[in-house]
>>> print(open('my_file_14.cif').read())   # mmCIF, C-alpha atoms
data_structure
#
loop_
_atom_site.label_atom_id
_atom_site.label_comp_id
_atom_site.auth_asym_id
_atom_site.auth_seq_id
_atom_site.Cartn_x
_atom_site.Cartn_y
_atom_site.Cartn_z
CA MET A 1 -16.75 -55.48 -24.63
CA LEU A 2 -14.75 -55.41 -27.86
CA THR A 3 -13.11 -52.11 -28.75
CA GLU A 4 -13.10 -50.73 -32.29
CA GLU A 5 -9.46 -51.77 -32.74
CA GLN A 6 -10.26 -55.30 -31.56
CA LEU A 7 -13.24 -55.47 -33.91
CA ILE A 8 -11.03 -54.50 -36.84
CA GLN A 9 -8.51 -57.21 -35.93
CA VAL A 10 -11.34 -59.77 -35.66
CA ARG A 11 -12.63 -58.74 -39.08
CA ARG A 12 -9.20 -59.03 -40.66
CA HIS A 13 -8.67 -62.51 -39.28
CA LEU A 14 -12.09 -63.60 -40.53
CA HIS A 15 -11.20 -62.14 -43.92
CA GLU A 16 -8.09 -64.32 -44.04
CA ILE A 17 -9.99 -67.59 -43.50
CA PRO A 18 -13.01 -67.55 -45.86
CA GLU A 19 -14.80 -70.86 -46.40
CA LEU A 20 -17.57 -72.05 -48.68
CA ALA A 21 -21.12 -73.00 -47.67
CA LEU A 22 -21.39 -75.83 -45.12
CA HIS A 23 -17.58 -76.02 -44.86
CA GLU A 24 -17.04 -73.07 -42.50
CA PHE A 25 -15.19 -75.15 -39.88
CA GLN A 26 -12.24 -72.83 -39.29
CA THR A 27 -14.58 -69.83 -39.23
CA HIS A 28 -16.87 -71.64 -36.78
CA ASP A 29 -13.98 -72.47 -34.44
CA TYR A 30 -12.68 -68.91 -34.48
CA LEU A 31 -16.12 -67.43 -33.84
CA LEU A 32 -16.65 -69.84 -30.95
CA LYS A 33 -13.26 -68.93 -29.48
CA VAL A 34 -14.09 -65.21 -29.59
CA ILE A 35 -17.56 -65.76 -28.09
CA GLN A 36 -16.20 -67.92 -25.29
CA GLU A 37 -13.89 -65.06 -24.26
CA PHE A 38 -16.93 -62.86 -23.51
CA ASN A 39 -18.55 -62.66 -20.08
CA GLN A 40 -20.49 -65.95 -19.91
CA ASP A 41 -22.78 -65.07 -16.97
CA ASN A 42 -25.90 -64.71 -19.15
CA LEU A 43 -24.81 -66.58 -22.26
CA GLU A 44 -25.89 -70.01 -23.48
CA ILE A 45 -24.32 -71.51 -26.60
CA LEU A 46 -25.77 -74.13 -28.95
CA VAL A 47 -24.06 -75.85 -31.89
CA PRO A 48 -26.80 -77.72 -33.81
CA GLU A 49 -25.94 -81.37 -34.42
CA LYS A 50 -27.41 -81.34 -37.95
CA LEU A 51 -25.78 -78.01 -38.88
CA PRO A 52 -22.38 -78.22 -37.18
CA THR A 53 -20.88 -74.99 -38.53
CA ALA A 54 -23.78 -72.92 -37.14
CA ILE A 55 -23.65 -71.25 -33.73
CA LEU A 56 -26.59 -69.96 -31.69
CA VAL A 57 -25.98 -67.77 -28.66
CA LEU A 58 -28.82 -67.00 -26.26
CA VAL A 59 -28.34 -63.96 -24.04
CA HIS A 60 -30.70 -64.39 -21.11
CA GLY A 61 -32.59 -61.20 -20.32
CA SER A 62 -33.22 -59.74 -16.86
CA ALA A 63 -37.01 -59.54 -17.30
CA PRO A 64 -37.74 -61.10 -20.71
CA GLN A 65 -41.05 -60.52 -22.45
CA ARG A 66 -39.80 -61.80 -25.82
CA THR A 67 -36.77 -63.21 -27.63
CA ILE A 68 -35.27 -60.91 -30.25
CA GLY A 69 -33.24 -62.69 -32.91
CA TYR A 70 -30.22 -61.33 -34.77
CA ARG A 71 -28.75 -63.26 -37.69
CA THR A 72 -25.39 -63.03 -39.42
CA ASP A 73 -24.14 -65.17 -42.30
CA ILE A 74 -20.64 -66.68 -42.16
CA ASP A 75 -19.79 -68.27 -45.54
CA ALA A 76 -17.74 -66.92 -48.44
CA LEU A 77 -17.63 -67.14 -52.24
CA PRO A 78 -15.55 -69.10 -54.77
CA VAL A 79 -13.70 -65.95 -55.89
CA GLU A 80 -9.92 -65.45 -56.21
CA GLU A 81 -9.13 -62.32 -54.20
CA GLN A 82 -7.43 -59.44 -56.01
CA THR A 83 -7.36 -56.74 -53.32
CA GLY A 84 -3.64 -56.95 -52.53
CA LEU A 85 -4.43 -56.44 -48.84
CA PRO A 86 -1.91 -57.69 -46.25
CA TYR A 87 -4.76 -59.67 -44.68
CA ALA A 88 -6.06 -61.10 -47.96
CA SER A 89 -7.54 -64.59 -48.11
CA HIS A 90 -5.24 -67.46 -47.16
CA HIS A 91 -7.50 -69.87 -49.03
CA PRO A 92 -6.89 -69.93 -52.80
CA GLY A 93 -10.03 -69.38 -54.86
CA VAL A 94 -12.16 -68.40 -51.86
CA MET A 95 -12.90 -64.86 -50.65
CA HIS A 96 -15.28 -62.88 -48.48
CA ALA A 97 -16.36 -61.06 -51.61
CA CYS A 98 -19.83 -60.36 -50.22
CA GLY A 99 -18.66 -58.82 -46.95
CA HIS A 100 -19.80 -61.56 -44.58
CA ASP A 101 -16.63 -60.88 -42.56
CA ILE A 102 -18.09 -57.43 -41.87
CA HIS A 103 -21.47 -59.00 -40.98
CA MET A 104 -19.90 -61.41 -38.48
CA THR A 105 -17.74 -58.73 -36.88
CA VAL A 106 -20.69 -56.40 -36.32
CA ALA A 107 -22.67 -59.26 -34.76
CA LEU A 108 -19.77 -60.08 -32.44
CA GLY A 109 -19.55 -56.42 -31.45
CA VAL A 110 -23.24 -56.29 -30.55
CA LEU A 111 -23.03 -59.60 -28.70
CA SER A 112 -19.96 -58.47 -26.75
CA TYR A 113 -21.88 -55.39 -25.54
CA PHE A 114 -24.83 -57.41 -24.28
CA SER A 115 -22.58 -59.99 -22.66
CA ASP A 116 -21.37 -57.16 -20.39
CA HIS A 117 -24.72 -55.33 -20.19
CA GLN A 118 -27.52 -57.80 -19.57
CA PRO A 119 -30.48 -57.02 -21.83
CA LYS A 120 -34.05 -56.80 -20.60
CA ASP A 121 -35.36 -59.26 -23.19
CA ASN A 122 -33.69 -62.43 -24.36
CA LEU A 123 -31.46 -61.97 -27.40
CA LEU A 124 -30.73 -64.81 -29.83
CA PHE A 125 -27.67 -64.49 -32.09
CA PHE A 126 -27.64 -66.87 -35.05
CA PHE A 127 -24.30 -67.31 -36.84
CA GLN A 128 -25.62 -68.92 -40.02
CA PRO A 129 -23.66 -71.01 -42.52
CA ALA A 130 -24.49 -71.38 -46.19
CA GLU A 131 -26.13 -68.13 -47.26
CA GLU A 132 -24.44 -67.95 -50.67
CA SER A 133 -25.59 -71.45 -51.56
CA ASP A 134 -27.39 -74.36 -49.91
CA TYR A 135 -29.72 -71.95 -48.02
CA GLY A 136 -28.54 -72.40 -44.43
CA GLY A 137 -31.43 -70.44 -42.92
CA LYS A 138 -34.00 -72.80 -44.40
CA ARG A 139 -31.92 -75.80 -43.33
CA ALA A 140 -31.78 -74.53 -39.74
CA TYR A 141 -35.52 -73.93 -39.67
CA GLU A 142 -36.41 -77.31 -41.15
CA ASP A 143 -33.97 -79.07 -38.80
CA GLY A 144 -35.94 -77.68 -35.85
CA VAL A 145 -33.18 -75.39 -34.56
CA PHE A 146 -35.61 -72.58 -33.69
CA THR A 147 -37.69 -74.38 -31.06
CA GLY A 148 -38.33 -73.80 -27.37
CA LYS A 149 -36.09 -71.14 -25.86
CA TRP A 150 -34.18 -70.94 -29.17
CA ARG A 151 -37.23 -69.60 -31.04
CA PRO A 152 -37.16 -65.85 -31.75
CA ASP A 153 -40.29 -63.74 -31.65
CA GLU A 154 -38.77 -61.39 -34.22
CA PHE A 155 -35.63 -61.45 -36.35
CA TYR A 156 -33.19 -58.81 -37.64
CA GLY A 157 -30.17 -58.92 -39.93
CA LEU A 158 -27.99 -56.70 -42.10
CA HIS A 159 -26.18 -56.78 -45.42
CA ASP A 160 -23.28 -54.51 -46.26
CA ASN A 161 -23.71 -52.10 -49.17
CA PRO A 162 -20.74 -50.57 -51.03
CA ASP A 163 -22.96 -47.87 -52.57
CA LEU A 164 -23.81 -46.29 -49.20
CA PRO A 165 -21.48 -44.13 -47.05
CA ALA A 166 -19.49 -46.06 -44.46
CA GLY A 167 -21.63 -46.68 -41.39
CA ALA A 168 -24.89 -45.46 -42.94
CA ILE A 169 -28.01 -47.53 -42.27
CA GLY A 170 -30.31 -48.18 -45.23
CA CYS A 171 -33.76 -49.71 -45.15
CA ARG A 172 -37.22 -49.52 -46.64
CA MET A 173 -40.76 -50.61 -46.00
CA GLY A 174 -41.76 -53.66 -48.02
CA THR A 175 -39.27 -55.77 -49.95
CA LEU A 176 -35.54 -55.14 -49.55
CA PHE A 177 -34.24 -58.08 -51.65
CA ALA A 178 -35.94 -60.00 -54.41
CA GLY A 179 -36.59 -63.71 -54.21
CA THR A 180 -34.84 -65.95 -56.71
CA THR A 181 -35.71 -69.24 -58.36
CA GLU A 182 -33.45 -71.41 -60.53
CA VAL A 183 -35.11 -72.55 -63.78
CA ASN A 184 -34.11 -75.71 -65.65
CA ILE A 185 -36.04 -76.83 -68.74
CA ASP A 186 -35.30 -80.06 -70.60
CA LEU A 187 -36.92 -80.65 -74.01
CA THR A 188 -36.77 -84.21 -75.31
CA GLY A 189 -37.82 -84.96 -78.89
CA LYS A 190 -36.20 -87.13 -81.54
CA GLY A 191 -32.85 -86.60 -83.23
CA GLY A 192 -32.26 -87.16 -86.91
CA HIS A 193 -30.55 -86.14 -90.14
CA ALA A 194 -30.82 -82.47 -91.06
CA ALA A 195 -32.03 -83.46 -94.54
CA TYR A 196 -35.01 -85.42 -93.21
CA PRO A 197 -36.77 -83.21 -90.64
CA GLN A 198 -40.03 -85.12 -91.16
CA ASP A 199 -38.45 -88.14 -89.45
CA ALA A 200 -37.23 -86.19 -86.41
CA ASN A 201 -38.65 -83.88 -83.76
CA ASP A 202 -36.45 -80.80 -83.43
CA THR A 203 -35.97 -79.62 -79.84
CA VAL A 204 -33.99 -76.53 -80.92
CA VAL A 205 -37.00 -75.16 -82.82
CA ALA A 206 -39.26 -75.95 -79.86
CA ALA A 207 -36.80 -74.29 -77.47
CA ALA A 208 -36.74 -71.16 -79.64
CA SER A 209 -40.53 -70.98 -79.51
CA LEU A 210 -40.52 -71.52 -75.76
CA ILE A 211 -37.94 -68.78 -75.17
CA MET A 212 -39.96 -66.27 -77.21
CA GLN A 213 -43.15 -67.09 -75.30
CA VAL A 214 -41.39 -66.72 -71.96
CA GLN A 215 -40.52 -63.13 -72.90
CA THR A 216 -44.23 -62.26 -72.67
CA VAL A 217 -44.62 -63.40 -69.05
CA ILE A 218 -43.27 -60.20 -67.48
CA SER A 219 -44.69 -57.86 -70.13
CA ARG A 220 -48.19 -59.36 -70.23
CA SER A 221 -48.79 -61.34 -67.03
CA ILE A 222 -47.23 -59.13 -64.34
CA ASP A 223 -48.51 -55.78 -63.10
CA PRO A 224 -46.14 -53.20 -64.66
CA ILE A 225 -46.13 -51.23 -61.39
CA GLN A 226 -44.48 -54.23 -59.76
CA SER A 227 -41.15 -55.82 -60.70
CA GLY A 228 -40.15 -59.22 -61.91
CA VAL A 229 -37.39 -60.67 -64.06
CA ILE A 230 -36.97 -63.88 -66.05
CA THR A 231 -33.54 -64.40 -67.55
CA LEU A 232 -32.81 -67.53 -69.57
CA GLY A 233 -29.05 -67.32 -69.57
CA LYS A 234 -27.99 -70.67 -70.99
CA ILE A 235 -29.20 -72.93 -73.80
CA GLN A 236 -27.49 -76.10 -74.96
CA GLY A 237 -28.69 -78.40 -77.72
CA GLY A 238 -27.28 -80.41 -80.56
CA SER A 239 -23.79 -81.59 -81.39
CA ILE A 240 -23.17 -80.75 -85.06
CA ARG A 241 -24.69 -78.50 -87.74
CA ASN A 242 -26.27 -81.26 -89.85
CA VAL A 243 -27.95 -83.27 -87.08
CA ILE A 244 -31.35 -82.38 -85.65
CA ALA A 245 -31.11 -82.16 -81.86
CA GLY A 246 -33.16 -84.68 -79.90
CA HIS A 247 -32.49 -82.89 -76.60
CA THR A 248 -32.11 -79.24 -75.60
CA ARG A 249 -31.65 -77.77 -72.13
CA ILE A 250 -32.43 -74.21 -71.06
CA GLU A 251 -31.24 -72.74 -67.75
CA GLY A 252 -32.23 -69.44 -66.20
CA THR A 253 -33.42 -67.53 -63.17
CA ILE A 254 -36.57 -65.81 -61.89
CA ARG A 255 -36.47 -62.73 -59.67
CA GLY A 256 -39.50 -61.26 -57.94
CA LEU A 257 -40.22 -58.78 -55.15
CA THR A 258 -42.94 -60.84 -53.47
CA GLN A 259 -43.47 -64.55 -53.03
CA THR A 260 -46.93 -64.19 -54.58
CA MET A 261 -45.36 -62.72 -57.73
CA ILE A 262 -42.78 -65.50 -57.95
CA GLN A 263 -45.51 -68.11 -57.64
CA LYS A 264 -47.46 -66.41 -60.44
CA ILE A 265 -44.39 -66.42 -62.70
CA ASP A 266 -43.80 -70.09 -61.81
CA HIS A 267 -47.37 -70.92 -62.81
CA ARG A 268 -47.08 -69.13 -66.17
CA LEU A 269 -43.83 -70.98 -66.91
CA GLU A 270 -45.53 -74.29 -66.13
CA GLU A 271 -48.37 -73.41 -68.53
CA ILE A 272 -45.99 -72.41 -71.32
CA CYS A 273 -43.90 -75.57 -70.96
CA LYS A 274 -47.02 -77.71 -70.99
CA GLY A 275 -48.25 -75.91 -74.11
CA ILE A 276 -44.93 -76.25 -75.94
CA GLY A 277 -44.86 -79.94 -75.13
CA ALA A 278 -48.34 -80.41 -76.56
CA SER A 279 -47.83 -78.27 -79.67
CA PHE A 280 -44.48 -79.86 -80.60
CA ASN A 281 -45.44 -83.36 -79.45
CA MET A 282 -42.43 -83.76 -77.17
CA GLU A 283 -41.58 -84.02 -73.48
CA VAL A 284 -40.87 -80.69 -71.80
CA LYS A 285 -39.71 -81.05 -68.20
CA LEU A 286 -39.61 -77.92 -66.02
CA GLU A 287 -37.63 -77.85 -62.77
CA LEU A 288 -37.99 -74.87 -60.40
CA ASN A 289 -35.69 -74.62 -57.41
CA GLN A 290 -36.16 -71.72 -55.01
CA GLY A 291 -34.66 -73.23 -51.91
CA GLY A 292 -34.49 -70.60 -49.20
CA TYR A 293 -34.12 -67.58 -51.46
CA TRP A 294 -37.52 -66.04 -50.82
CA PRO A 295 -38.06 -62.29 -51.14
CA VAL A 296 -36.86 -60.37 -48.11
CA GLU A 297 -40.23 -58.86 -47.19
CA ASN A 298 -39.83 -56.61 -44.16
CA ASN A 299 -42.54 -56.72 -41.52
CA PRO A 300 -44.52 -53.42 -41.68
CA ALA A 301 -44.81 -52.67 -37.95
CA LEU A 302 -41.29 -53.74 -36.96
CA THR A 303 -39.72 -52.00 -39.95
CA LYS A 304 -41.56 -48.75 -39.23
CA ASP A 305 -40.24 -48.89 -35.66
CA PHE A 306 -36.72 -49.62 -36.96
CA ILE A 307 -36.78 -46.77 -39.49
CA ASP A 308 -38.29 -44.31 -36.98
CA TYR A 309 -35.53 -45.09 -34.50
CA MET A 310 -32.74 -44.74 -37.05
CA GLN A 311 -34.18 -41.48 -38.43
CA GLN A 312 -34.51 -39.97 -34.96
CA THR A 313 -31.05 -40.97 -33.71
CA PRO A 314 -28.58 -38.09 -34.30
CA ASP A 315 -25.51 -40.33 -34.66
CA VAL A 316 -27.11 -42.48 -37.37
CA ASN A 317 -26.97 -41.58 -41.06
CA PHE A 318 -30.20 -43.19 -42.26
CA ILE A 319 -30.91 -43.54 -45.99
CA GLU A 320 -34.12 -44.89 -47.48
CA THR A 321 -33.15 -47.36 -50.20
CA ALA A 322 -34.81 -48.90 -53.25
CA PRO A 323 -35.43 -52.65 -53.49
CA ALA A 324 -32.60 -54.76 -54.93
CA MET A 325 -32.99 -57.63 -57.39
CA THR A 326 -30.22 -59.61 -55.73
CA GLY A 327 -31.20 -62.57 -53.53
CA GLU A 328 -30.68 -63.26 -49.82
CA ASP A 329 -31.73 -66.38 -47.95
CA PHE A 330 -32.82 -64.37 -44.89
CA GLY A 331 -36.05 -64.02 -46.88
CA PHE A 332 -37.08 -67.54 -45.91
CA LEU A 333 -36.65 -66.79 -42.20
CA LEU A 334 -38.62 -63.54 -42.53
CA ALA A 335 -41.45 -65.62 -44.01
CA GLN A 336 -41.46 -67.64 -40.77
CA PHE A 337 -40.75 -64.87 -38.23
CA PRO A 338 -41.63 -61.17 -38.36
CA GLY A 339 -38.55 -59.04 -38.77
CA THR A 340 -36.47 -56.59 -40.73
CA MET A 341 -33.37 -56.66 -42.89
CA PHE A 342 -31.36 -53.53 -43.53
CA TRP A 343 -28.18 -52.28 -45.19
CA LEU A 344 -24.92 -51.17 -43.58
CA GLY A 345 -22.97 -48.84 -45.84
CA VAL A 346 -19.30 -49.74 -46.45
CA ASP A 347 -18.43 -47.16 -49.17
CA ASP A 348 -16.45 -49.00 -51.84
CA ASP A 349 -15.96 -48.58 -55.59
CA SER A 350 -16.13 -52.35 -56.09
CA GLN A 351 -19.44 -54.15 -56.00
CA LEU A 352 -20.57 -57.15 -53.97
CA HIS A 353 -19.16 -60.47 -55.27
CA SER A 354 -16.22 -58.59 -56.79
CA ALA A 355 -12.65 -59.87 -56.39
CA THR A 356 -11.60 -56.35 -55.36
CA LEU A 357 -14.31 -55.64 -52.75
CA THR A 358 -12.69 -53.67 -49.92
CA PRO A 359 -15.28 -52.45 -47.38
CA LYS A 360 -14.39 -49.46 -45.23
CA GLU A 361 -13.68 -50.75 -41.73
CA SER A 362 -14.92 -47.49 -40.21
CA ALA A 363 -18.42 -48.88 -40.84
CA ILE A 364 -18.01 -51.62 -38.24
CA GLN A 365 -18.21 -49.60 -35.01
CA LYS A 366 -20.95 -47.37 -36.44
CA GLY A 367 -22.94 -50.48 -37.28
CA VAL A 368 -22.43 -51.94 -33.80
CA ASP A 369 -23.54 -48.69 -32.16
CA ALA A 370 -26.65 -48.29 -34.34
CA ILE A 371 -27.81 -51.88 -33.86
CA THR A 372 -27.07 -51.93 -30.13
CA GLY A 373 -29.00 -48.71 -29.70
CA PHE A 374 -31.94 -50.04 -31.68
CA LEU A 375 -32.09 -53.28 -29.66
CA ILE A 376 -32.08 -51.31 -26.40
CA HIS A 377 -34.89 -49.17 -27.80
CA ARG A 378 -36.79 -52.24 -29.00
CA MET A 379 -36.68 -53.80 -25.54
CA GLN A 380 -38.40 -50.72 -24.14
CA GLU A 381 -41.37 -51.21 -26.48
CA ASN A 382 -44.42 -53.21 -25.41
#
>>> encode(input="my_file_14.cif", output="structure tokens")
Amino acid sequence: MLTEEQLIQVRRHLHEIPELALHEFQTHDYLLKVIQEFNQDNLEILVPEKLPTAILVLVHGSAPQRTIGYRTDIDALPVEEQTGLPYASHHPGVMHACGHDIHMTVALGVLSYFSDHQPKDNLLFFFQPAEESDYGGKRAYEDGVFTGKWRPDEFYGLHDNPDLPAGAIGCRMGTLFAGTTEVNIDLTGKGGHAAYPQDANDTVVAAASLIMQVQTVISRSIDPIQSGVITLGKIQGGSIRNVIAGHTRIEGTIRGLTQTMIQKIDHRLEEICKGIGASFNMEVKLELNQGGYWPVENNPALTKDFIDYMQQTPDVNFIETAPAMTGEDFGFLLAQFPGTMFWLGVDDDSQLHSATLTPKESAIQKGVDAITGFLIHRMQEN
């Protein structure tokens, strides 16, 4: 079983070798090396052929009634680190700026415990590539990774949170993270001379009308008690001041707390684009790409059990948190398997995705202890 000092050294090494989505080869090899040093009596390891940087570890239970899944993400971000730490990233332009090094280390700590203390139920640890982009959870599911003995009956996972005290556990009933959808809109009309608008079909004017109509979706089509966001953050059209633009592109993002809400926003966008195309007599092409970034909607029964345990455990600092509008691809897996996602506090002035993010390492052992205790408790439930 890994000690706290060993866990910190593991985390620091992982922090030194960050890699981008689907390219986590050095990270994968290091994780596998650490896992293979554990007691192997009850462990079974799978590296999926179609997702070669992923690792699944099945801990065979003594009297299994279910398989409990635990997921950690392993990729990093294209961020140039500015922490000045002696164990800063060795890879220029890449950093664990979202704390996935903390996530992996906590998972290894929990796994090391159960490698020495055989659980009652089966435990499935999923070291997942490509959370920040390319939605690795969805890829794994669609590639058939979670079949047979590798299929969990329920799934759990954490995300570190710099706004919570180090080691605190945060969670809530309902949605923890919003779902996200990329929006691309291409308007194609007819270019022409600025002096002869009657001979052209101006996509900039049409785009302006479209953008103004989109602003009414949240204010007039969504229940104000709920939450949704549409941000159109980029518009590009035209080449010079005295030429009417024949093509304009708009790019943006949708955020919603339930998949139903996201689908409703999608539908309203489709209607608006269709209407703009008809009223301006031009082609308006809408592309919506959600991938695996569905809302992280916690299962009611399992989350209540999780929160009750954390609230009743004296050594755990539990904090009920509000939903966040950031995205997390664990949402797709929670739409396929019942489960819960929660926060682990890491107490830092810098925010997630920041070049100066420096999580407090004292959170690691507290996270391991809280999760290990919960899993033992969960295996005692019917």
>>> residues_around(input="my_file_14.cif", residues="A:Arg255", least_positions_apart="5", cutoff="7 Å", atoms="only C-alpha atoms", output="ChimeraX atom specification")
/A:178-181,228-230,325
>>> resolve_selection(input="my_file_14.cif", expression="the PyMOL selection byres ((chain A and resi 330-338) around 9)", output="short mmCIF file (atom, residue, chain, number, x, y, z; two decimals) with C-alpha atoms, keeping the file's coordinate frame")
data_model
loop_
_atom_site.label_atom_id
_atom_site.label_comp_id
_atom_site.auth_asym_id
_atom_site.auth_seq_id
_atom_site.Cartn_x
_atom_site.Cartn_y
_atom_site.Cartn_z
CA ARG A 71 -28.75 -63.26 -37.69
CA GLU A 131 -26.13 -68.13 -47.26
CA TYR A 135 -29.72 -71.95 -48.02
CA GLY A 137 -31.43 -70.44 -42.92
CA LYS A 138 -34.00 -72.80 -44.40
CA TYR A 141 -35.52 -73.93 -39.67
CA PRO A 152 -37.16 -65.85 -31.75
CA ASP A 153 -40.29 -63.74 -31.65
CA GLU A 154 -38.77 -61.39 -34.22
CA PHE A 155 -35.63 -61.45 -36.35
CA TYR A 156 -33.19 -58.81 -37.64
CA GLY A 157 -30.17 -58.92 -39.93
CA PHE A 177 -34.24 -58.08 -51.65
CA ALA A 178 -35.94 -60.00 -54.41
CA GLY A 179 -36.59 -63.71 -54.21
CA GLY A 291 -34.66 -73.23 -51.91
CA GLY A 292 -34.49 -70.60 -49.20
CA TYR A 293 -34.12 -67.58 -51.46
CA TRP A 294 -37.52 -66.04 -50.82
CA PRO A 295 -38.06 -62.29 -51.14
CA VAL A 296 -36.86 -60.37 -48.11
CA GLU A 297 -40.23 -58.86 -47.19
CA ASN A 298 -39.83 -56.61 -44.16
CA ASN A 299 -42.54 -56.72 -41.52
CA PRO A 300 -44.52 -53.42 -41.68
CA LEU A 302 -41.29 -53.74 -36.96
CA GLY A 327 -31.20 -62.57 -53.53
CA GLU A 328 -30.68 -63.26 -49.82
CA ASP A 329 -31.73 -66.38 -47.95
CA GLY A 339 -38.55 -59.04 -38.77
CA THR A 340 -36.47 -56.59 -40.73
CA MET A 341 -33.37 -56.66 -42.89
#
>>> resolve_selection(input="my_file_14.cif", expression="the PyMOL selection byres ((chain A and resi 119) around 12)", output="PyMOL selection string")
chain A and resi 42-43+58-68+110-118+120-124+372-373+375-380
>>> closest_residue(input="my_file_14.cif", among="A:Gln40, A:Thr321, A:Thr188, A:Gln236", to="A:Asp163", atoms="all atoms listed in the file")
A:Thr321
>>> resolve_selection(input="my_file_14.cif", expression="the PyMOL selection byres ((chain A and resi 126-129) around 8)", output="ChimeraX atom specification")
/A:21-22,24,53-57,69-75,104,124-125,130-131,136-137
>>> atom_distance(input="my_file_14.cif", atom1="atom CA of A:Thr356", atom2="atom CA of A:Arg11")
16.5 Å
>>> closest_atom_pairs(input="my_file_14.cif", of="stretch 274-365 of chain A", to="stretch 204-214 of chain A", cutoff="12 Å", atoms="all atoms listed in the file", output="tab-separated table")
residue	atom	partner	partner_atom	distance
A:Lys274	CA	A:Leu210	CA	10.2
A:Gly275	CA	A:Leu210	CA	9.0
A:Ile276	CA	A:Leu210	CA	6.5
A:Gly277	CA	A:Ala206	CA	8.3
A:Ala278	CA	A:Ala206	CA	10.6
A:Ser279	CA	A:Ala206	CA	8.9
A:Phe280	CA	A:Ala206	CA	6.6
A:Asn281	CA	A:Ala206	CA	9.7
A:Met282	CA	A:Ala206	CA	8.8
A:Glu283	CA	A:Ala206	CA	10.5
A:Val284	CA	A:Ala207	CA	9.5
A:Lys285	CA	A:Ala207	CA	11.8
A:Leu286	CA	A:Leu210	CA	11.7
>>> closest_residue(input="my_file_14.cif", among="A:Glu44, A:Glu49, A:Glu5, A:Glu270", to="A:Ser362", atoms="only C-alpha atoms")
A:Glu5
>>> atom_distance(input="my_file_14.cif", atom1="atom CA of A:Val47", atom2="atom CA of A:His28")
9.7 Å
>>> residues_around(input="my_file_14.cif", residues="A:Asp202", least_positions_apart="2", cutoff="8 Å", atoms="only C-alpha atoms", output="MDAnalysis selection string")
chainID A and resid 189:191 197 200 204:206 244:246
>>> closest_residue(input="my_file_14.cif", among="A:Ile364, A:Ala168, A:Leu257, A:Ala355", to="A:Ile319", atoms="only C-alpha atoms")
A:Ala168
>>> atom_distance(input="my_file_14.cif", atom1="atom CA of A:His23", atom2="atom CA of A:His353")
18.8 Å
>>> closest_residue(input="my_file_14.cif", among="A:Glu80, A:Asp101, A:Asp369, A:Asp143", to="A:Ile17", atoms="all atoms listed in the file")
A:Asp101
>>> closest_residue(input="my_file_14.cif", among="A:Ala194, A:Leu357, A:Ile265, A:Val183", to="A:Ile235", atoms="all atoms listed in the file")
A:Val183
>>> closest_residue(input="my_file_14.cif", among="A:Gly167, A:Pro92, A:Gly109, A:Gly99", to="A:Ile8", atoms="all atoms listed in the file")
A:Gly109
>>> residues_near_point(input="my_file_14.cif", point="(-34.2, -76.2, -60.0)", cutoff="10 Å", atoms="all atoms listed in the file", output="MDAnalysis selection string")
chainID A and resid 181:185 251:253 286:291
>>> build_atoms(input="my_file_14.cif", residues="stretch 58-68 of chain A", atoms="N, CA and C atoms", output="mmCIF file, in the coordinates of the input")
data_model
loop_
_atom_site.group_PDB
_atom_site.id
_atom_site.type_symbol
_atom_site.label_atom_id
_atom_site.label_comp_id
_atom_site.auth_asym_id
_atom_site.auth_seq_id
_atom_site.Cartn_x
_atom_site.Cartn_y
_atom_site.Cartn_z
ATOM 1 N N LEU A 58 -27.673 -67.590 -26.953
ATOM 2 C CA LEU A 58 -28.820 -67.000 -26.260
ATOM 3 C C LEU A 58 -28.309 -66.143 -25.118
ATOM 4 N N VAL A 59 -28.665 -64.860 -25.143
ATOM 5 C CA VAL A 59 -28.340 -63.960 -24.040
ATOM 6 C C VAL A 59 -29.586 -63.844 -23.178
ATOM 7 N N HIS A 60 -29.522 -64.368 -21.980
ATOM 8 C CA HIS A 60 -30.700 -64.390 -21.110
ATOM 9 C C HIS A 60 -30.974 -62.983 -20.572
ATOM 10 N N GLY A 61 -32.203 -62.522 -20.758
ATOM 11 C CA GLY A 61 -32.590 -61.200 -20.320
ATOM 12 C C GLY A 61 -32.923 -61.144 -18.842
ATOM 13 N N SER A 62 -32.937 -59.932 -18.285
ATOM 14 C CA SER A 62 -33.220 -59.740 -16.860
ATOM 15 C C SER A 62 -34.702 -59.853 -16.555
ATOM 16 N N ALA A 63 -35.558 -59.442 -17.482
ATOM 17 C CA ALA A 63 -37.010 -59.540 -17.300
ATOM 18 C C ALA A 63 -37.646 -59.758 -18.676
ATOM 19 N N PRO A 64 -37.368 -60.909 -19.294
ATOM 20 C CA PRO A 64 -37.740 -61.100 -20.710
ATOM 21 C C PRO A 64 -39.234 -61.180 -20.950
ATOM 22 N N GLN A 65 -39.683 -60.425 -21.952
ATOM 23 C CA GLN A 65 -41.050 -60.520 -22.450
ATOM 24 C C GLN A 65 -41.068 -61.134 -23.852
ATOM 25 N N ARG A 66 -39.908 -61.257 -24.467
ATOM 26 C CA ARG A 66 -39.800 -61.800 -25.820
ATOM 27 C C ARG A 66 -38.346 -62.203 -26.051
ATOM 28 N N THR A 67 -38.131 -62.881 -27.177
ATOM 29 C CA THR A 67 -36.770 -63.210 -27.630
ATOM 30 C C THR A 67 -36.560 -62.534 -28.977
ATOM 31 N N ILE A 68 -35.578 -61.642 -29.031
ATOM 32 C CA ILE A 68 -35.270 -60.910 -30.250
ATOM 33 C C ILE A 68 -34.087 -61.591 -30.932
#
